[in-house]
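Content type TSV, C-alpha atoms, from the file target00.tsv:
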chain	number	residue	atom	x	y	z
S	930	MET	CA	3.20	23.79	17.91
S	931	HIS	CA	2.77	26.87	15.76
S	932	LEU	CA	2.20	26.08	12.11
S	933	SER	CA	1.44	28.95	9.78
S	934	GLN	CA	-1.20	28.62	7.11
S	935	GLY	CA	0.56	30.95	4.71
S	936	ARG	CA	0.62	28.39	1.92
S	937	ALA	CA	-2.83	29.49	0.81
S	938	ASN	CA	-1.66	33.12	0.89
S	939	ARG	CA	1.04	32.40	-1.70
S	940	ASP	CA	-1.70	31.55	-4.19
S	941	SER	CA	-4.13	34.27	-3.10
S	942	PRO	CA	-5.52	36.99	-5.39
S	943	ALA	CA	-3.19	39.49	-3.72
S	944	THR	CA	-0.32	38.06	-5.72
S	945	LYS	CA	-2.16	38.39	-9.02
S	946	GLY	CA	-0.06	40.05	-11.66
S	947	THR	CA	3.24	39.03	-10.09
S	948	ARG	CA	3.26	35.51	-11.52
S	949	PRO	CA	1.91	33.66	-14.54
S	950	PRO	CA	-1.76	32.68	-14.26
S	951	ARG	CA	-2.46	29.09	-13.38
S	952	LYS	CA	-3.49	26.80	-16.18
S	953	ARG	CA	-6.29	24.36	-15.48
S	954	SER	CA	-4.91	20.89	-16.01
S	955	SER	CA	-6.71	18.69	-18.49
S	956	HIS	CA	-5.15	15.60	-16.94
S	957	VAL	CA	-7.82	14.85	-14.37
S	958	PRO	CA	-6.65	11.27	-13.58
S	959	GLY	CA	-3.16	12.50	-12.72
S	960	GLN	CA	-4.58	15.34	-10.64
S	961	ALA	CA	-6.89	12.97	-8.78
S	962	LEU	CA	-4.01	10.57	-8.17
S	963	GLY	CA	-2.05	13.41	-6.61
S	964	TYR	CA	-4.74	13.89	-3.97
S	965	LEU	CA	-4.78	10.13	-3.31
S	966	ILE	CA	-1.00	9.97	-2.89
S	967	GLN	CA	-0.83	12.75	-0.29
S	968	PRO	CA	-2.33	10.62	2.55
S	969	ILE	CA	0.00	7.76	1.60
S	970	ARG	CA	3.03	10.05	1.80
S	971	LEU	CA	1.69	11.39	5.10
S	972	LEU	CA	1.56	7.83	6.47
S	973	GLN	CA	5.10	7.18	5.20
S	974	LEU	CA	6.36	10.21	7.12
S	975	LEU	CA	4.44	9.17	10.24
S	976	LEU	CA	6.18	5.79	10.21
S	977	ASP	CA	9.58	7.50	10.62
S	978	ALA	CA	8.43	10.54	12.62
S	979	PRO	CA	10.32	11.03	15.91
S	980	PRO	CA	8.41	11.33	19.21
S	981	ASP	CA	6.60	14.62	19.88
S	982	SER	CA	6.56	15.53	16.18
S	983	PHE	CA	3.60	16.37	13.96
S	984	VAL	CA	2.71	15.52	10.38
S	985	THR	CA	0.51	17.87	8.38
S	986	LEU	CA	-1.63	17.93	5.25
S	987	GLU	CA	-1.86	21.12	3.18
S	988	VAL	CA	-0.53	23.36	5.98
S	989	PHE	CA	2.91	24.62	4.93
S	990	GLU	CA	3.20	22.12	2.05
S	991	ASP	CA	1.26	19.25	0.46
S	992	VAL	CA	2.57	17.07	3.28
S	993	GLY	CA	4.76	18.31	6.09
S	994	LEU	CA	6.65	17.10	9.14
S	995	GLU	CA	7.65	19.29	12.08
S	996	THR	CA	9.76	18.01	14.95
S	997	SER	CA	9.72	19.26	18.53
S	998	ASP	CA	12.86	21.35	17.92
S	999	GLY	CA	11.30	23.18	14.96
S	1000	HIS	CA	12.90	21.30	12.07
S	1001	LYS	CA	10.55	20.72	9.15
S	1002	THR	CA	10.19	18.59	6.07
S	1003	ALA	CA	8.16	20.28	3.33
S	1004	SER	CA	7.09	17.56	0.91
S	1005	GLN	CA	5.62	18.56	-2.45
S	1006	VAL	CA	3.86	15.48	-3.89
S	1007	LYS	CA	3.98	14.83	-7.64
S	1008	THR	CA	2.40	11.86	-9.40
S	1009	GLY	CA	4.66	11.74	-12.45
S	1010	LEU	CA	1.78	9.91	-14.11
S	1011	VAL	CA	1.38	12.14	-17.17
S	1012	LYS	CA	4.80	13.81	-17.45
S	1013	ASN	CA	8.14	14.02	-15.71
S	1014	PRO	CA	8.01	16.85	-13.12
S	1015	LEU	CA	11.81	16.90	-12.75
S	1016	THR	CA	12.95	17.87	-16.23
S	1017	ASP	CA	15.21	20.91	-16.48
S	1018	ARG	CA	12.43	23.11	-17.85
S	1019	SER	CA	9.52	21.61	-15.95
S	1020	PRO	CA	7.02	24.26	-14.77
S	1021	GLU	CA	6.18	21.96	-11.83
S	1022	LEU	CA	9.78	21.89	-10.63
S	1023	TRP	CA	10.35	25.62	-10.86
S	1024	LYS	CA	6.95	26.58	-9.48
S	1025	THR	CA	7.67	24.45	-6.41
S	1026	LEU	CA	11.06	26.11	-5.95
S	1027	ALA	CA	9.54	29.57	-6.44
S	1028	ASN	CA	6.85	28.87	-3.84
S	1029	TRP	CA	9.49	27.72	-1.37
S	1030	CYS	CA	11.39	30.98	-1.96
S	1031	ASP	CA	8.16	32.88	-1.21
S	1032	ALA	CA	7.65	30.85	1.97
S	1033	ILE	CA	11.21	31.65	3.09
S	1034	GLU	CA	10.76	35.34	2.30
S	1035	GLN	CA	7.51	35.43	4.28
S	1036	GLY	CA	9.09	33.69	7.27
S	1037	GLU	CA	7.02	30.52	6.95
S	1038	LEU	CA	10.01	28.25	6.34
S	1039	ASP	CA	13.52	28.55	7.70
S	1040	PRO	CA	15.86	27.25	4.95
S	1041	ALA	CA	18.45	26.18	7.53
S	1042	LYS	CA	15.91	24.04	9.42
S	1043	THR	CA	13.81	22.68	6.53
S	1044	VAL	CA	14.21	19.73	4.19
S	1045	PHE	CA	12.66	20.73	0.85
S	1046	GLU	CA	11.42	17.51	-0.71
S	1047	ILE	CA	9.80	16.71	-4.03
S	1048	TYR	CA	8.19	13.30	-3.73
S	1049	VAL	CA	7.42	11.61	-7.07
S	1050	ALA	CA	5.22	8.53	-7.31
S	1051	LYS	CA	7.12	7.23	-10.35
S	1052	PRO	CA	10.90	6.90	-10.87
S	1053	HIS	CA	11.70	10.09	-12.80
S	1054	LYS	CA	14.95	12.09	-13.02
S	1055	GLY	CA	16.20	15.44	-14.27
S	1056	ARG	CA	19.71	16.83	-14.71
S	1057	ILE	CA	19.27	20.13	-12.83
S	1058	ALA	CA	17.06	18.53	-10.16
S	1059	THR	CA	19.71	15.86	-9.60
S	1060	LEU	CA	22.43	18.53	-9.29
S	1061	PHE	CA	20.31	20.29	-6.66
S	1062	HIS	CA	19.69	16.99	-4.85
S	1063	ASP	CA	23.40	16.16	-4.78
S	1064	ALA	CA	24.55	19.62	-3.64
S	1065	GLN	CA	25.63	19.15	-0.02
S	1066	SER	CA	27.86	22.23	0.29
S	1067	VAL	CA	27.70	25.92	-0.60
S	1068	LYS	CA	30.25	25.30	-3.36
S	1069	HIS	CA	28.15	22.58	-4.96
S	1070	ALA	CA	24.94	24.58	-4.50
S	1071	LYS	CA	26.49	27.55	-6.34
S	1072	ALA	CA	27.70	25.27	-9.13
S	1073	ALA	CA	24.25	23.72	-9.50
S	1074	LEU	CA	22.59	27.13	-9.61
S	1075	ALA	CA	25.11	28.27	-12.24
S	1076	GLU	CA	24.04	25.30	-14.42
S	1077	ALA	CA	20.43	26.29	-13.93
S	1078	GLN	CA	21.27	29.88	-15.00
S	1079	LYS	CA	22.81	28.52	-18.22
S	1080	CYS	CA	19.68	26.49	-18.88
S	1081	PHE	CA	17.58	29.65	-18.75
S	1082	ALA	CA	19.97	32.05	-20.49
S	1083	LYS	CA	17.95	34.53	-22.55
S	1084	LYS	CA	17.73	33.80	-26.22
S	1085	THR	CA	16.86	36.20	-29.01
S	1086	SER	CA	15.42	35.49	-32.42
S	1087	ARG	CA	17.20	36.42	-35.66
S	1088	SER	CA	15.17	39.63	-35.73
S	1089	GLY	CA	16.67	40.58	-32.36
S	1090	VAL	CA	13.37	40.17	-30.50
S	1091	ALA	CA	13.56	38.26	-27.23
S	1092	ALA	CA	11.70	34.97	-27.24
S	1093	LYS	CA	8.43	34.77	-25.35
S	1094	VAL	CA	8.89	33.89	-21.67
S	1095	THR	CA	7.56	30.42	-20.90
S	1096	GLU	CA	5.82	29.40	-17.70
S	1097	ALA	CA	8.90	27.50	-16.53
S	1098	GLU	CA	11.15	30.48	-17.30
S	1099	SER	CA	8.92	32.80	-15.31
S	1100	TYR	CA	9.12	30.59	-12.21
S	1101	ALA	CA	12.84	29.94	-12.74
S	1102	ASN	CA	13.53	33.69	-12.96
S	1103	ARG	CA	11.72	34.26	-9.66
S	1104	THR	CA	13.74	31.46	-8.06
S	1105	LEU	CA	17.16	32.33	-9.45
S	1106	ARG	CA	16.79	36.02	-8.53
S	1107	PHE	CA	16.08	35.10	-4.91
S	1108	ASP	CA	18.45	36.14	-2.11
S	1109	GLY	CA	21.73	34.28	-2.72
S	1110	PRO	CA	22.59	32.76	0.71
S	1111	PHE	CA	18.97	31.73	1.37
S	1112	LEU	CA	18.69	30.12	-2.07
S	1113	GLU	CA	22.00	28.29	-1.63
S	1114	THR	CA	20.80	26.91	1.72
S	1115	LEU	CA	17.52	25.82	0.12
S	1116	ILE	CA	19.43	23.94	-2.57
S	1117	GLN	CA	21.66	22.24	0.03
S	1118	ASN	CA	18.52	21.02	1.80
S	1119	PHE	CA	16.70	20.01	-1.39
S	1120	ARG	CA	16.01	16.35	-1.98
S	1121	ILE	CA	14.17	14.15	-4.46
S	1122	THR	CA	12.35	11.09	-3.18
S	1123	THR	CA	10.80	8.67	-5.67
S	1124	ALA	CA	8.68	5.60	-5.08
S	1125	LYS	CA	10.64	2.37	-5.56
S	1126	ARG	CA	7.60	0.50	-6.92
S	1127	ASN	CA	4.55	2.61	-6.17
S	1128	PRO	CA	3.62	4.61	-3.04
S	1129	LEU	CA	1.30	1.97	-1.58
S	1130	ALA	CA	3.64	-0.95	-2.29
S	1131	ASP	CA	6.49	0.96	-0.61
S	1132	LEU	CA	4.39	1.22	2.56
S	1133	ARG	CA	4.24	-2.53	3.11
S	1134	PRO	CA	7.92	-3.25	3.95
S	1135	ALA	CA	8.04	-0.09	6.07
S	1136	VAL	CA	5.05	-1.22	8.16
S	1137	ALA	CA	6.41	-4.76	8.41
S	1138	ALA	CA	9.83	-3.51	9.52
S	1139	LYS	CA	8.38	-1.28	12.21
S	1140	TRP	CA	5.59	-3.31	13.71
S	1141	VAL	CA	4.19	-6.57	12.41
S	1142	ARG	CA	4.57	-9.84	10.58
S	1143	PRO	CA	3.99	-9.71	6.81
S	1144	GLU	CA	0.58	-11.36	7.02
S	1145	SER	CA	-0.78	-8.52	9.17
S	1146	VAL	CA	0.60	-5.62	7.12
S	1147	GLU	CA	-2.48	-5.02	4.97
S	1148	LEU	CA	-4.75	-4.90	8.01
S	1149	VAL	CA	-2.48	-2.41	9.78
S	1150	ILE	CA	-2.27	-0.18	6.68
S	1151	GLN	CA	-6.05	-0.24	6.27
S	1152	HIS	CA	-6.54	0.65	9.93
S	1153	ALA	CA	-3.90	3.39	9.81
S	1154	HIS	CA	-5.41	4.98	6.69
S	1155	GLY	CA	-8.88	4.85	8.23
S	1156	TRP	CA	-7.71	6.40	11.48
S	1157	ILE	CA	-5.76	9.17	9.70
S	1158	LYS	CA	-8.69	9.97	7.39
S	1159	GLU	CA	-11.14	10.16	10.28
S	1160	ARG	CA	-8.76	12.42	12.24
S	1161	LEU	CA	-8.06	14.76	9.30
S	1162	ASP	CA	-11.69	14.92	8.17
S	1163	GLY	CA	-12.74	15.95	11.67
S	1164	LEU	CA	-10.12	18.72	11.80
S	1165	LEU	CA	-11.00	20.05	8.34
S	1166	LEU	CA	-14.73	20.07	9.11
S	1167	ALA	CA	-13.93	22.04	12.26
S	1168	GLN	CA	-11.88	24.44	10.08
S	1169	LYS	CA	-8.69	23.55	11.90
S	1170	PRO	CA	-5.26	22.77	10.39
S	1171	ALA	CA	-4.90	19.14	9.32
S	1172	ILE	CA	-2.25	18.08	11.84
S	1173	VAL	CA	-1.60	14.56	13.15
S	1174	SER	CA	0.49	13.92	16.24
S	1175	ALA	CA	3.08	11.17	15.82
S	1176	ASN	CA	2.55	10.23	19.48
S	1177	ASP	CA	-1.21	9.83	18.95
S	1178	PHE	CA	-0.62	7.79	15.80
S	1179	ASN	CA	1.86	5.40	17.42
S	1180	ARG	CA	-0.42	5.00	20.44
S	1181	GLU	CA	-3.36	4.10	18.17
S	1182	ILE	CA	-1.41	1.52	16.17
S	1183	LEU	CA	0.12	-0.06	19.27
S	1184	THR	CA	-3.39	-0.41	20.66
S	1185	PHE	CA	-4.56	-2.03	17.42
S	1186	LEU	CA	-1.68	-4.50	17.04
S	1187	PRO	CA	-2.77	-7.00	19.73
S	1188	ARG	CA	-6.00	-7.38	17.76
S	1189	CYS	CA	-4.09	-7.91	14.56
S	1190	ASP	CA	-2.69	-11.41	14.86
S	1191	PHE	CA	-3.64	-12.76	11.47
S	1192	ARG	CA	-4.63	-16.24	12.50
S	1193	THR	CA	-6.79	-14.86	15.30
S	1194	ILE	CA	-8.48	-12.48	12.90
S	1195	VAL	CA	-9.03	-15.16	10.25
S	1196	THR	CA	-10.34	-17.66	12.78
S	1197	SER	CA	-12.80	-15.08	14.07
S	1198	MET	CA	-14.14	-14.57	10.55
S	1199	ALA	CA	-15.99	-17.87	10.66
S	1200	GLY	CA	-17.79	-18.96	13.81
S	1201	LEU	CA	-19.12	-22.47	14.33
S	1202	PRO	CA	-22.06	-23.29	12.03
S	1203	SER	CA	-25.51	-23.94	13.44
S	1204	ALA	CA	-27.13	-27.37	13.64
S	1205	GLU	CA	-29.46	-26.37	10.80
S	1206	GLN	CA	-26.52	-25.44	8.58
S	1207	VAL	CA	-24.81	-28.75	9.31
S	1208	ALA	CA	-27.99	-30.74	8.57
S	1209	ALA	CA	-28.44	-28.95	5.24
S	1210	GLU	CA	-24.95	-30.02	4.13
S	1211	LYS	CA	-25.51	-33.76	4.38
S	1212	ALA	CA	-26.72	-34.10	0.80
S	1213	ARG	CA	-23.66	-32.32	-0.64
S	1214	ILE	CA	-21.17	-34.14	-2.89
S	1215	TYR	CA	-18.25	-33.74	-0.51
S	1216	VAL	CA	-20.26	-35.48	2.24
S	1217	GLN	CA	-21.15	-38.30	-0.14
S	1218	GLN	CA	-17.44	-38.65	-0.90
S	1219	LEU	CA	-16.79	-39.21	2.81
S	1220	GLU	CA	-19.59	-41.75	3.09
S	1221	ILE	CA	-18.24	-43.71	0.10
S	1222	VAL	CA	-15.01	-44.45	2.00
S	1223	ASP	CA	-16.93	-45.39	5.17
S	1224	LEU	CA	-15.87	-42.50	7.39
S	1225	ASP	CA	-17.65	-42.42	10.75
S	1226	ASP	CA	-20.26	-39.82	11.74
S	1227	ASP	CA	-17.87	-37.82	13.94
S	1228	ALA	CA	-15.38	-37.40	11.08
S	1229	ILE	CA	-18.18	-36.36	8.74
S	1230	LEU	CA	-19.53	-33.82	11.24
S	1231	GLN	CA	-16.04	-32.33	11.71
S	1232	SER	CA	-15.59	-32.17	7.92
S	1233	ILE	CA	-18.87	-30.29	7.51
S	1234	ASN	CA	-17.73	-27.73	10.10
S	1235	GLU	CA	-14.38	-27.32	8.35
S	1236	TYR	CA	-16.00	-26.91	4.93
S	1237	LEU	CA	-18.47	-24.25	6.12
S	1238	ARG	CA	-15.89	-22.25	8.08
S	1239	ALA	CA	-13.36	-22.34	5.23
S	1240	SER	CA	-16.04	-21.17	2.80
S	1241	VAL	CA	-16.94	-18.17	4.98
S	1242	THR	CA	-13.27	-17.31	5.49
S	1243	ARG	CA	-12.47	-17.43	1.75
S	1244	THR	CA	-15.38	-15.09	1.03
S	1245	LYS	CA	-14.36	-12.55	3.67
S	1246	LEU	CA	-10.67	-12.63	2.73
S	1247	ALA	CA	-11.65	-11.85	-0.86
S	1248	GLU	CA	-14.21	-9.16	0.04
S	1249	GLN	CA	-11.76	-7.32	2.30
S	1250	GLY	CA	-8.99	-7.50	-0.29
S	1251	ILE	CA	-6.64	-9.29	2.12
S	1252	VAL	CA	-5.99	-12.13	-0.33
S	1253	HIS	CA	-5.81	-11.69	-4.12
S	1254	ASP	CA	-7.82	-13.85	-6.54
S	1255	GLU	CA	-4.61	-15.20	-8.09
S	1256	SER	CA	-3.49	-16.40	-4.65
S	1257	PHE	CA	-6.66	-18.45	-4.25
S	1258	VAL	CA	-5.99	-20.07	-7.64
S	1259	GLU	CA	-2.39	-20.86	-6.68
S	1260	TYR	CA	-3.55	-22.27	-3.36
S	1261	GLN	CA	-6.09	-24.54	-5.06
S	1262	GLU	CA	-3.47	-25.76	-7.53
S	1263	ALA	CA	-1.09	-26.56	-4.67
S	1264	LEU	CA	-3.78	-28.62	-2.92
S	1265	MET	CA	-4.54	-30.52	-6.13
S	1266	ALA	CA	-0.85	-31.26	-6.68
S	1267	PHE	CA	-0.51	-32.56	-3.12
S	1268	TRP	CA	-3.62	-34.73	-3.54
S	1269	ARG	CA	-2.33	-36.25	-6.83
S	1270	ASN	CA	1.09	-37.06	-5.40
S	1271	LYS	CA	-0.31	-38.46	-2.18
S	1272	LYS	CA	-2.87	-40.58	-4.03
S	1273	ARG	CA	-0.12	-42.07	-6.21
S	1274	GLN	CA	2.11	-42.76	-3.20
S	1275	ILE	CA	-0.65	-44.46	-1.21
S	1276	ALA	CA	-1.63	-46.66	-4.17
S	1277	LEU	CA	1.99	-47.83	-4.53
S	1278	VAL	CA	2.73	-48.39	-0.84
S	1279	HIS	CA	-0.56	-49.73	0.55
S	1280	THR	CA	-1.41	-52.39	-2.02
S	1281	GLN	CA	-2.96	-54.61	0.65
S	1282	HIS	CA	-5.76	-52.17	1.53
S	1283	LYS	CA	-9.26	-52.16	0.13
S	1284	PRO	CA	-10.36	-49.08	-1.88
S	1285	GLU	CA	-12.23	-47.68	1.15
S	1286	GLY	CA	-9.09	-47.99	3.28
S	1287	LEU	CA	-7.00	-46.27	0.60
S	1288	GLY	CA	-9.55	-43.47	0.54
S	1289	GLN	CA	-9.39	-43.04	4.32
S	1290	LEU	CA	-5.58	-42.88	4.20
S	1291	LEU	CA	-5.68	-40.27	1.44
S	1292	PHE	CA	-8.31	-38.25	3.30
S	1293	SER	CA	-6.30	-38.34	6.55
S	1294	ASP	CA	-3.04	-37.27	4.89
S	1295	CYS	CA	-4.75	-34.39	3.09
S	1296	CYS	CA	-6.43	-33.18	6.30
S	1297	LEU	CA	-3.06	-33.18	8.11
S	1298	HIS	CA	-1.43	-31.17	5.31
S	1299	LYS	CA	-0.73	-27.48	5.98
S	1300	GLU	CA	-0.64	-25.16	2.96
S	1301	LYS	CA	0.06	-21.43	3.24
S	1302	LEU	CA	-2.24	-19.01	1.45
S	1303	GLN	CA	-0.37	-16.01	-0.03
S	1304	GLY	CA	2.44	-16.83	2.38
S	1305	LEU	CA	0.07	-16.75	5.36
S	1306	GLU	CA	-0.36	-19.41	8.03
S	1307	MET	CA	-4.03	-20.38	8.00
S	1308	PRO	CA	-6.26	-21.72	10.82
S	1309	ALA	CA	-6.41	-25.50	11.27
S	1310	TYR	CA	-9.84	-25.80	9.62
S	1311	PHE	CA	-8.93	-23.97	6.42
S	1312	THR	CA	-6.87	-26.54	4.47
S	1313	PRO	CA	-9.21	-29.50	5.19
S	1314	GLY	CA	-12.19	-27.28	4.38
S	1315	SER	CA	-10.59	-26.28	1.11
S	1316	PHE	CA	-9.97	-29.93	0.19
S	1317	HIS	CA	-13.67	-30.56	0.82
S	1318	ALA	CA	-14.53	-27.69	-1.55
S	1319	LEU	CA	-12.49	-29.42	-4.27
S	1320	ALA	CA	-14.20	-32.73	-3.44
S	1321	ASP	CA	-17.60	-31.02	-3.67
S	1322	ASP	CA	-17.10	-30.15	-7.35
S	1323	GLU	CA	-15.45	-33.56	-7.96
S	1324	THR	CA	-12.07	-32.07	-8.83
S	1325	ILE	CA	-10.64	-34.53	-6.30
S	1326	GLY	CA	-12.00	-37.53	-4.44
S	1327	TRP	CA	-11.03	-40.00	-1.73
S	1328	HIS	CA	-12.12	-43.34	-3.17
S	1329	PRO	CA	-9.86	-44.57	-6.02
S	1330	ASP	CA	-12.97	-44.77	-8.26
S	1331	TYR	CA	-14.87	-41.86	-6.69
S	1332	ARG	CA	-16.53	-40.68	-9.91
S	1333	VAL	CA	-17.98	-44.13	-10.64
S	1334	LYS	CA	-19.10	-44.49	-7.03
S	1335	LEU	CA	-20.74	-41.05	-7.04
S	1336	ARG	CA	-22.70	-41.89	-10.19
S	1337	GLY	CA	-23.81	-45.14	-8.55
S	1338	ALA	CA	-24.89	-43.28	-5.40
S	1339	SER	CA	-26.78	-40.78	-7.50
S	1340	ALA	CA	-28.55	-43.56	-9.42
For the file at hand, write its structure as structure tokens.
Amino acid sequence: MHLSQGRANRDSPATKGTRPPRKRSSHVPGQALGYLIQPIRLLQLLLDAPPDSFVTLEVFEDVGLETSDGHKTASQVKTGLVKNPLTDRSPELWKTLANWCDAIEQGELDPAKTVFEIYVAKPHKGRIATLFHDAQSVKHAKAALAEAQKCFAKKTSRSGVAAKVTEAESYANRTLRFDGPFLETLIQNFRITTAKRNPLADLRPAVAAKWVRPESVELVIQHAHGWIKERLDGLLLAQKPAIVSANDFNREILTFLPRCDFRTIVTSMAGLPSAEQVAAEKARIYVQQLEIVDLDDDAILQSINEYLRASVTRTKLAEQGIVHDESFVEYQEALMAFWRNKKRQIALVHTQHKPEGLGQLLFSDCCLHKEKLQGLEMPAYFTPGSFHALADDETIGWHPDYRVKLRGASA
């Protein structure tokens, strides 16, 4: 694969005086976001990249794709955070087009074999940009360019003095004066891609569709980003072009997937507690709640294991950002609702049982219940352990009069 690094040359001092000077942007957050979006767009292209192709970062464009037969996608990434980069007189739009014309002139990009993409992280539009995007024939490309010419028709003041040339006009003039057939081909291959929600959110369905179940998507994305960053950082430190092979990427992810079954990963988060940990739990409220309804020692020991493992798992799921805080709240509310309904049902149906028997029935039904967390199937210990967490702070209980009984036990 032969990828030129002429992009840097187009902004080199040698071109000074032939274009307007760059203005330092005061919008640092938007600029920083642009750098963050580039790796996300790179990953999006990798997901759809054909075999034997390569995806690049800051080689011939912000993000690029080159297939084995030499076809390219040159993707200029715009945040759209501060302003719309697709307006008719946007300096960002016309600078991008002018740079592509330079790349064509210098032989870096073949307009007939390149898709010229502006990727915007927010849903923006522009009249001229849309005309360019929709132009699929030479006729439509010429018509779109004619509209652009009208937009930048020279205007004079009442004194007859031409108005000062703006930054956008300068770039537009360079673009619209470019060689006709080449420019028309560029316009036919121009496209606008905008994020549907936001760049990262758009990744999730793409990863799920290609590889994994929804509950494993976040883990795959995290692994993919980490692998890509490590690969690119190594290349840049070695002063080599930042190029990622689609074959290498797919091989890495396919190797990772067998380790990515969510329930296996979650189960591995919490090993069995030690004897010392179990012994230290016996004075806890949730254990007292089990003793109040006369559960046997084996059931209490199992409950302690479930409580400790669920506690470790909740902590790690939160720390790793796999499950959102709101999802934990919703999960807890669902468990409480189940407990209330089941308690009412048992009291109505099993009137012949003593309070301890009612408590054991309620405990057993709750432990058999399976509740998904953020749509994810959880390990067998997690729901019972989460019920015990609620019992530990006395939000729920097993005995019909558990609060009175707990105060008596405490006394």
Hey, what's within 12 Å of S:His1062 if we count only C-alpha atoms and toss same-chain stuff fewer than 2 positions away? As a list in words, please?
Leu1015, Val1044, Phe1045, Glu1046, Ile1047, Lys1054, Gly1055, Arg1056, Ile1057, Ala1058, Thr1059, Leu1060, Ala1064, Gln1065, Ser1066, His1069, Ala1070, Ala1073, Leu1074, Glu1113, Thr1114, Leu1115, Ile1116, Gln1117, Asn1118, Phe1119, Arg1120, Ile1121 and Thr1122 of chain S
Kindly export the residues of the current selection with C-alpha atoms, as a PDB file, in the coordinates of the input.
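Generated output (again_13.pdb):
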ATOM      1  CA  LEU S1015      11.810  16.900 -12.750  1.00  0.00           C
ATOM      2  CA  VAL S1044      14.210  19.730   4.190  1.00  0.00           C
ATOM      3  CA  PHE S1045      12.660  20.730   0.850  1.00  0.00           C
ATOM      4  CA  GLU S1046      11.420  17.510  -0.710  1.00  0.00           C
ATOM      5  CA  ILE S1047       9.800  16.710  -4.030  1.00  0.00           C
ATOM      6  CA  LYS S1054      14.950  12.090 -13.020  1.00  0.00           C
ATOM      7  CA  GLY S1055      16.200  15.440 -14.270  1.00  0.00           C
ATOM      8  CA  ARG S1056      19.710  16.830 -14.710  1.00  0.00           C
ATOM      9  CA  ILE S1057      19.270  20.130 -12.830  1.00  0.00           C
ATOM     10  CA  ALA S1058      17.060  18.530 -10.160  1.00  0.00           C
ATOM     11  CA  THR S1059      19.710  15.860  -9.600  1.00  0.00           C
ATOM     12  CA  LEU S1060      22.430  18.530  -9.290  1.00  0.00           C
ATOM     13  CA  ALA S1064      24.550  19.620  -3.640  1.00  0.00           C
ATOM     14  CA  GLN S1065      25.630  19.150  -0.020  1.00  0.00           C
ATOM     15  CA  SER S1066      27.860  22.230   0.290  1.00  0.00           C
ATOM     16  CA  HIS S1069      28.150  22.580  -4.960  1.00  0.00           C
ATOM     17  CA  ALA S1070      24.940  24.580  -4.500  1.00  0.00           C
ATOM     18  CA  ALA S1073      24.250  23.720  -9.500  1.00  0.00           C
ATOM     19  CA  LEU S1074      22.590  27.130  -9.610  1.00  0.00           C
ATOM     20  CA  GLU S1113      22.000  28.290  -1.630  1.00  0.00           C
ATOM     21  CA  THR S1114      20.800  26.910   1.720  1.00  0.00           C
ATOM     22  CA  LEU S1115      17.520  25.820   0.120  1.00  0.00           C
ATOM     23  CA  ILE S1116      19.430  23.940  -2.570  1.00  0.00           C
ATOM     24  CA  GLN S1117      21.660  22.240   0.030  1.00  0.00           C
ATOM     25  CA  ASN S1118      18.520  21.020   1.800  1.00  0.00           C
ATOM     26  CA  PHE S1119      16.700  20.010  -1.390  1.00  0.00           C
ATOM     27  CA  ARG S1120      16.010  16.350  -1.980  1.00  0.00           C
ATOM     28  CA  ILE S1121      14.170  14.150  -4.460  1.00  0.00           C
ATOM     29  CA  THR S1122      12.350  11.090  -3.180  1.00  0.00           C
TER      30      THR S1122
END
Any idea what's packed within 10 Å of S:Lys1272, counting all atoms listed in the file, ignoring anything in its chain fewer than 6 positions away? Could you give it as number ranges by chain?
S: 1266, 1287-1288, 1290-1292, 1294-1295, 1326-1329
What does the distance from atom CA of S:Val1258 to atom CA of S:Pro1308 come to in Å, to one decimal?
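Between atom CA of S:Val1258 and atom CA of S:Pro1308 the gap is 18.5 Å.
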Which residue of S:Val1216, S:Leu1297, S:Val1207, S:Leu1183 approaches S:Leu1237 most closely, using only C-alpha atoms
S:Val1207
For a test of reading the model, state the distance in Å between atom CA of S:Ala1050 and atom CA of S:Asn1179, rounded to one decimal.
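Separating atom CA of S:Ala1050 from atom CA of S:Asn1179 is a distance of 25.2 Å.
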Atom CA of S:Arg1160 and atom CA of S:Ile1033 are how many Å apart?
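Computed distance, atom CA of S:Arg1160 to atom CA of S:Ile1033, equals 29.2 Å.
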Which neighbours of stretch 1095-1097 of chain S fall inside 8 Å, counting only C-alpha atoms, when residues of the same chain fewer than 4 positions from it are skipped, and could you give them as a PyMOL selection string?
chain S and resi 949+1018-1021+1023-1024+1101
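Residues with at least one atom no more than 12 Å from (13.6, 37.8, -7.3), using all atoms listed in the file, are Thr947, Arg948, Ala1027, Asn1028, Cys1030, Asp1031, Glu1034, Ser1099, Tyr1100, Ala1101, Asn1102, Arg1103, Thr1104, Leu1105, Arg1106, Phe1107, Asp1108, Gly1109, Phe1111 and Leu1112 of chain S.
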Using C-alpha atoms, can you write the selected residues to a file as a short mmCIF file (atom, residue, chain, number, x, y, z; two decimals), keeping the file's coordinate frame?
data_model
loop_
_atom_site.label_atom_id
_atom_site.label_comp_id
_atom_site.auth_asym_id
_atom_site.auth_seq_id
_atom_site.Cartn_x
_atom_site.Cartn_y
_atom_site.Cartn_z
CA THR S 947 3.24 39.03 -10.09
CA ARG S 948 3.26 35.51 -11.52
CA ALA S 1027 9.54 29.57 -6.44
CA ASN S 1028 6.85 28.87 -3.84
CA CYS S 1030 11.39 30.98 -1.96
CA ASP S 1031 8.16 32.88 -1.21
CA GLU S 1034 10.76 35.34 2.30
CA SER S 1099 8.92 32.80 -15.31
CA TYR S 1100 9.12 30.59 -12.21
CA ALA S 1101 12.84 29.94 -12.74
CA ASN S 1102 13.53 33.69 -12.96
CA ARG S 1103 11.72 34.26 -9.66
CA THR S 1104 13.74 31.46 -8.06
CA LEU S 1105 17.16 32.33 -9.45
CA ARG S 1106 16.79 36.02 -8.53
CA PHE S 1107 16.08 35.10 -4.91
CA ASP S 1108 18.45 36.14 -2.11
CA GLY S 1109 21.73 34.28 -2.72
CA PHE S 1111 18.97 31.73 1.37
CA LEU S 1112 18.69 30.12 -2.07
#
